[in-house]
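All remarks here apply to the structure that follows.
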Amino acid sequence: MKNKLILILRKTAKALGLFFLPIEKNALFFVMMYVLGITTCFLELNNWAKDSIYHNVWLELFVDLYIICLVLSVLPRKIRRWVRLFCYTIAYLVTIVDVFCFVKFRSTLNPTMLLLVGETDSREAGEFLSSYLTSEVLLSGVGIILLILLVNIFLAFLPKFLNRFSLAKQLLLEDAIDITKQLRPVFGVGVIGLLIWGGLASAHNKNEMAEMFAKQTIGQVEHELTTENHAAFYTPLYRLWFSTFSNHLASQQIDQLKAARKKLSVDSCSFRSPTIVLIIGESYNKYHSQLYGYEKPTTPRQVKRERRGQLVKFTDVVAPWNLTSFVFKNLFSMHVVGQQGDWCDYPLFPEYFRKAGYQVTFITNQFLPKAKEAVFDFSGGFFLNDPEMSEALFDVRNTQTHRFDDGILSDYDKMLEEGKIPPSTDHHGNLIIFHVMGQHVNYHTRYEGKQRKWTGEDYDRPDLSKKNLDILSHYDNATLYNDSIVDQILCRFENQNAIVIYVPDHGEECFDDGFQHFGRNHSAVIDARLAHQEFDVPFWVWCSHSYAVTHPDIYSELITAKKRRMMTDALPHLLLYLAGIHSKDYHAEYNILSPDYDERRPRIIKGTVDYDKVIEAHPKRPNN
């Protein structure tokens with residue numbers, strides 16, 4: 001009985017020891033990759049005092065590396081050695097690039113970074129490396145990764161060195177191996193415990209990763225990132241994988257757009273409006289606009305222009321999405337919600353203008369490719385920044401973003417001075433698109449401190465904390481600053497035969513209607529309050545005096561249409577009408593100024609919810 005028990009214990013110990021074998025066979029690899037992963041997480045903290053690394057990195061990295069070691073352990077020794085070397089090479093190269101990007105751009109690997117690398121030729125790459133590979137970089141986190149690499153190489157060759165000395169070999173190698181063999185069952189128990197604990201703790205993140213990589217479009221990826229507890233790509237290799245995947249999805253939609261371009265046709269153009277200006281705002285809560293009844297004078301210049309009779313405000317306009325990138329795709333595409341296909345199956349409106357003979361200028365303070373760019377900006381601008389698409393869509397565009405929106409005014413003035421935007425009288429016409437940062441979070445960064453008009457003390461909101469009152473005041477100050485920028489744009493066209501349209505991408509929460517929230521709530525459930533706050537948008541059209549005099553018919557149509565229901569996905573059809581562009585892709589039922597306009601078209605927001613049905617159930621507008 002005793003011998004049988006001993007036999008059982010030995011078999012159990014041997015079985016338990018098997019769980020440790022994958023690590024034992026790849027001990028140096030496991031240890032160094034674990035050190036590399038944890039070190040990288042700490043190196044890429046923006047603020048060591050406030051930030052923290054991914055909470056489950058210790059366990060999840062253990063599980064990930066164990067799985068890799070398990071695969072390596074079943075390979076023949078000669079093959080295992082080369083596969084392991086390949087894994088080392090990839091891990092260190094990608095980590096060095098990731099940390100380097102963080103050191104120089106305060107951003108880890110992302111889709112835009114990968115896209116920029118892909119567009120860099122050998123000469124540019126050489127100039128880049130010579131500019132950035134400095135002693136300062138080598139003494140940063142990049143140097144720490146290189147030090148880990150050197151330690152790894154030293155430890156890899158240490159056994160061969162010790163083999164020359166029999167005593168050292170016996171003491172350091174053979175004895176260590178014997179001790180490890182004896183402790184295999186103990187280590188095996190520890191491994192089993194960590195695998196169970198780590199597996200349970202990591203299951204959610206791995207499931208979220210699987211969901212992310214199952215997405216079919218870059219828009220779906222972006223929307224997934226708005227959900228709580230979305231996938232954490234906590235290692236450089238995961239970030240590279242995600243970036244490659246995102247670029248692949250974006251390239252598919254680019255290909256669809258390029259195919260759609262071939263179907264584009266313009267029959268004729270009357271150049272009805274010599275100069276058309278489109279101003280696209282950001283994160284604009286309609287109910288914080290004085291123009292729409294807000295108690296604080298946040299838009300005094302717009303109000304003044306309305307009183308003069310030149311600015312016509314529309315009262316019932318909604319955005320199709322509460323994500324900038326989704327709105328931009330709908331705003332630029334001739335596709336409207338409800339039509340067959342997707343936005344990228346239809347041409348983009350600027351190309352109709354170019355084909356018709358208009359010069360198209362695009363001046364943006366957000367959608368320019370840059371290293372430190374979130375997926376949201378990448379998703380919103382990739383189709384505008386693709387070299388072939390950009391050349392097809394725009395004659396002229398700016399090349400840099402600015403801290404404040406007044407920078408795009410300087411861009412425009414410089415383009416005029418250099419003759420890049422000739423007066424419309426010198427050719428057929430101008431279409432000029434301004435894209436401002438507006439009230440995009442963080443609100444306090446959208447205007448200069450000296451321009452602050454309100455503080456938290458100017459609000460009678462006992463339901464809000466001091467911090468939230470301060471945020472509320474920043475939002476209103478940003479709205480006031482935006483009013484000044486928009487007015488400066490209008491000033492530049494007062495002496496031209498010009499019509500200007502203002503529309504923001506979407507709304508924004510800002511502690512209204514008793515809700516303790518600012519920003520956007522990406523809940524799948526859309527109630528009336530959320531619909532009002534995040535999808536209702538200001539929309540107005542301004543006509544210069546010359547334009548109003550020479551186009552009394554359009555001015556009259558604006559007055560007639562200002563109370564009609566509208567969703568901004570149909571804006572391209574209004575623009576084509578204003579230009580007098582005749583094309584098979586123009587549909588009068590989507591043009592809000594047309595007598596054939598279909599006001600009853602369902603306004604489906606987020607692709608799922610009928611806005612008007614939600615509002616009809618709870619018609620009360622928010623109180624400010």
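Chain labels follow the order of the structure tokens: the first chain is A, the next B, and so on; residue numbering restarts at 1 in every chain, and ligands are counted from 1 in their shown order.
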
Need to verify the contact set: A:Val74, 12 Å, only C-alpha atoms, exclusion of same-chain residues closer than 2 positions in sequence. Can you return it as a compact mmCIF listing (two decimals) with N, CA, C and O atoms, in the first residue's frame?
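Result saved to result-v2.txt:
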# COMPACT_ATOMS: atom_id res chain seq x y z
N LEU A 21 7.69 22.45 -17.66
CA LEU A 21 8.65 22.16 -18.73
C LEU A 21 8.71 23.23 -19.83
O LEU A 21 9.81 23.57 -20.30
N PRO A 22 7.56 23.76 -20.32
CA PRO A 22 7.66 24.80 -21.36
C PRO A 22 8.52 25.99 -20.93
O PRO A 22 9.26 26.53 -21.76
N ILE A 23 8.42 26.38 -19.67
CA ILE A 23 9.24 27.49 -19.18
C ILE A 23 10.68 27.05 -19.01
O ILE A 23 11.62 27.78 -19.35
N LYS A 25 12.35 24.76 -20.61
CA LYS A 25 13.02 24.61 -21.91
C LYS A 25 13.31 25.96 -22.57
O LYS A 25 14.15 26.04 -23.46
N ASN A 26 12.60 26.98 -22.15
CA ASN A 26 12.77 28.32 -22.75
C ASN A 26 12.94 29.36 -21.65
O ASN A 26 12.39 30.46 -21.71
N ILE A 67 2.05 30.43 -23.24
CA ILE A 67 1.50 29.80 -24.46
C ILE A 67 2.56 29.76 -25.55
O ILE A 67 2.71 28.76 -26.27
N ILE A 68 3.33 30.85 -25.69
CA ILE A 68 4.39 30.88 -26.70
C ILE A 68 5.45 29.82 -26.37
O ILE A 68 5.90 29.09 -27.26
N CYS A 69 5.82 29.73 -25.09
CA CYS A 69 6.82 28.74 -24.68
C CYS A 69 6.30 27.31 -24.88
O CYS A 69 7.07 26.40 -25.21
N LEU A 70 5.02 27.13 -24.68
CA LEU A 70 4.42 25.81 -24.88
C LEU A 70 4.55 25.39 -26.34
O LEU A 70 4.90 24.24 -26.65
N VAL A 71 4.30 26.32 -27.25
CA VAL A 71 4.45 26.04 -28.68
C VAL A 71 5.91 25.75 -29.01
O VAL A 71 6.24 24.81 -29.73
N LEU A 72 6.81 26.57 -28.46
CA LEU A 72 8.24 26.38 -28.72
C LEU A 72 8.73 25.02 -28.21
O LEU A 72 9.57 24.37 -28.84
N PRO A 76 11.17 20.60 -32.50
CA PRO A 76 12.51 20.01 -32.40
C PRO A 76 13.52 21.08 -31.99
O PRO A 76 13.38 22.25 -32.35
N ARG A 77 14.55 20.66 -31.26
CA ARG A 77 15.48 21.62 -30.66
C ARG A 77 16.11 22.55 -31.70
O ARG A 77 16.20 23.77 -31.48
N LYS A 78 16.54 22.01 -32.84
CA LYS A 78 17.19 22.87 -33.85
C LYS A 78 16.23 23.90 -34.41
O LYS A 78 16.58 25.06 -34.60
N ILE A 79 15.01 23.46 -34.67
CA ILE A 79 14.00 24.40 -35.20
C ILE A 79 13.62 25.41 -34.12
O ILE A 79 13.44 26.60 -34.39
N ARG A 80 13.48 24.92 -32.88
CA ARG A 80 13.10 25.79 -31.77
C ARG A 80 14.08 26.95 -31.62
O ARG A 80 13.68 28.08 -31.37
N ARG A 81 15.37 26.64 -31.80
CA ARG A 81 16.38 27.68 -31.63
C ARG A 81 16.18 28.82 -32.63
O ARG A 81 16.25 30.00 -32.28
N VAL A 83 13.34 29.53 -34.36
CA VAL A 83 12.05 30.19 -34.12
C VAL A 83 12.16 31.16 -32.95
O VAL A 83 11.63 32.27 -32.98

Based on DSSP run over this structure's backbone, return all residues of stretch 328-482 of chain A in alpha helix (DSSP H), as a ChimeraX atom specification.
/A:328-332,349-356,375-385,387-393,406-417,466-482

I'd like the neighbourhood of A:Ala91 as a list of chain:residue names, where a residue qualifies if any of its atoms comes within 10 Å (using only C-alpha atoms), though same-chain residues fewer than 5 positions away should be ignored.
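Everything that qualifies: A:Met33, A:Leu36, A:Gly37, A:Leu85, A:Phe86, A:Ile96, A:Thr235, A:Pro236, A:Leu237.
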
Which residues of stretch 255-348 of chain A sit at most 12 Å from stretch 385-388 of chain A, using only C-alpha atoms? Give each one's shortest atom pair and distance in Å (one decimal place), in chain and ascending residue order, as CSV.
residue,atom,partner,partner_atom,distance
A:Asp255,CA,A:Asp386,CA,10.6
A:Leu257,CA,A:Glu388,CA,10.6
A:Lys258,CA,A:Glu388,CA,8.6
A:Arg261,CA,A:Glu388,CA,11.2

Each residue of stretch 286-391 of chain A with at least one atom at most 7 Å from stretch 581-604 of chain A should appear once, together with its nearest atom pair and the corresponding distance in Å (one decimal); atoms considered: only C-alpha atoms; ordering: chain, then increasing residue number; output as a tab-separated table.
residue	atom	partner	partner_atom	distance
A:Pro320	CA	A:Ile604	CA	6.7
A:Val337	CA	A:Ile604	CA	7.0
A:Ala356	CA	A:Ile581	CA	6.9

Interatomic distance (Å, one decimal) between atom CA of A:Thr108 and atom CA of A:Glu508
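Value for the atom CA of A:Thr108-atom CA of A:Glu508 distance: 28.2 Å.
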
Pick from A:Gln496, A:Thr226, A:Thr39, A:Asn398, whichever lies nearest to A:Thr361 using only C-alpha atoms:
A:Asn398

Could you tell me which of A:Val221, A:Val396, A:Leu409, A:Leu139 comes closest to A:Pro422 if we count only C-alpha atoms?
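Checking each of A:Val221, A:Val396, A:Leu409, A:Leu139 against A:Pro422, counting only C-alpha atoms, the winner is A:Val396.
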
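For the residues A:Tyr292, A:Tyr577, A:Phe19, A:Phe383, ranking by smallest atom-to-atom distance to A:Leu249 using only C-alpha atoms places A:Phe383 first.
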
Nearest to A:Trp58 among A:Leu490, A:Val35, A:Val189, A:Leu138, with distances taken over only C-alpha atoms: which residue is it?
A:Val35
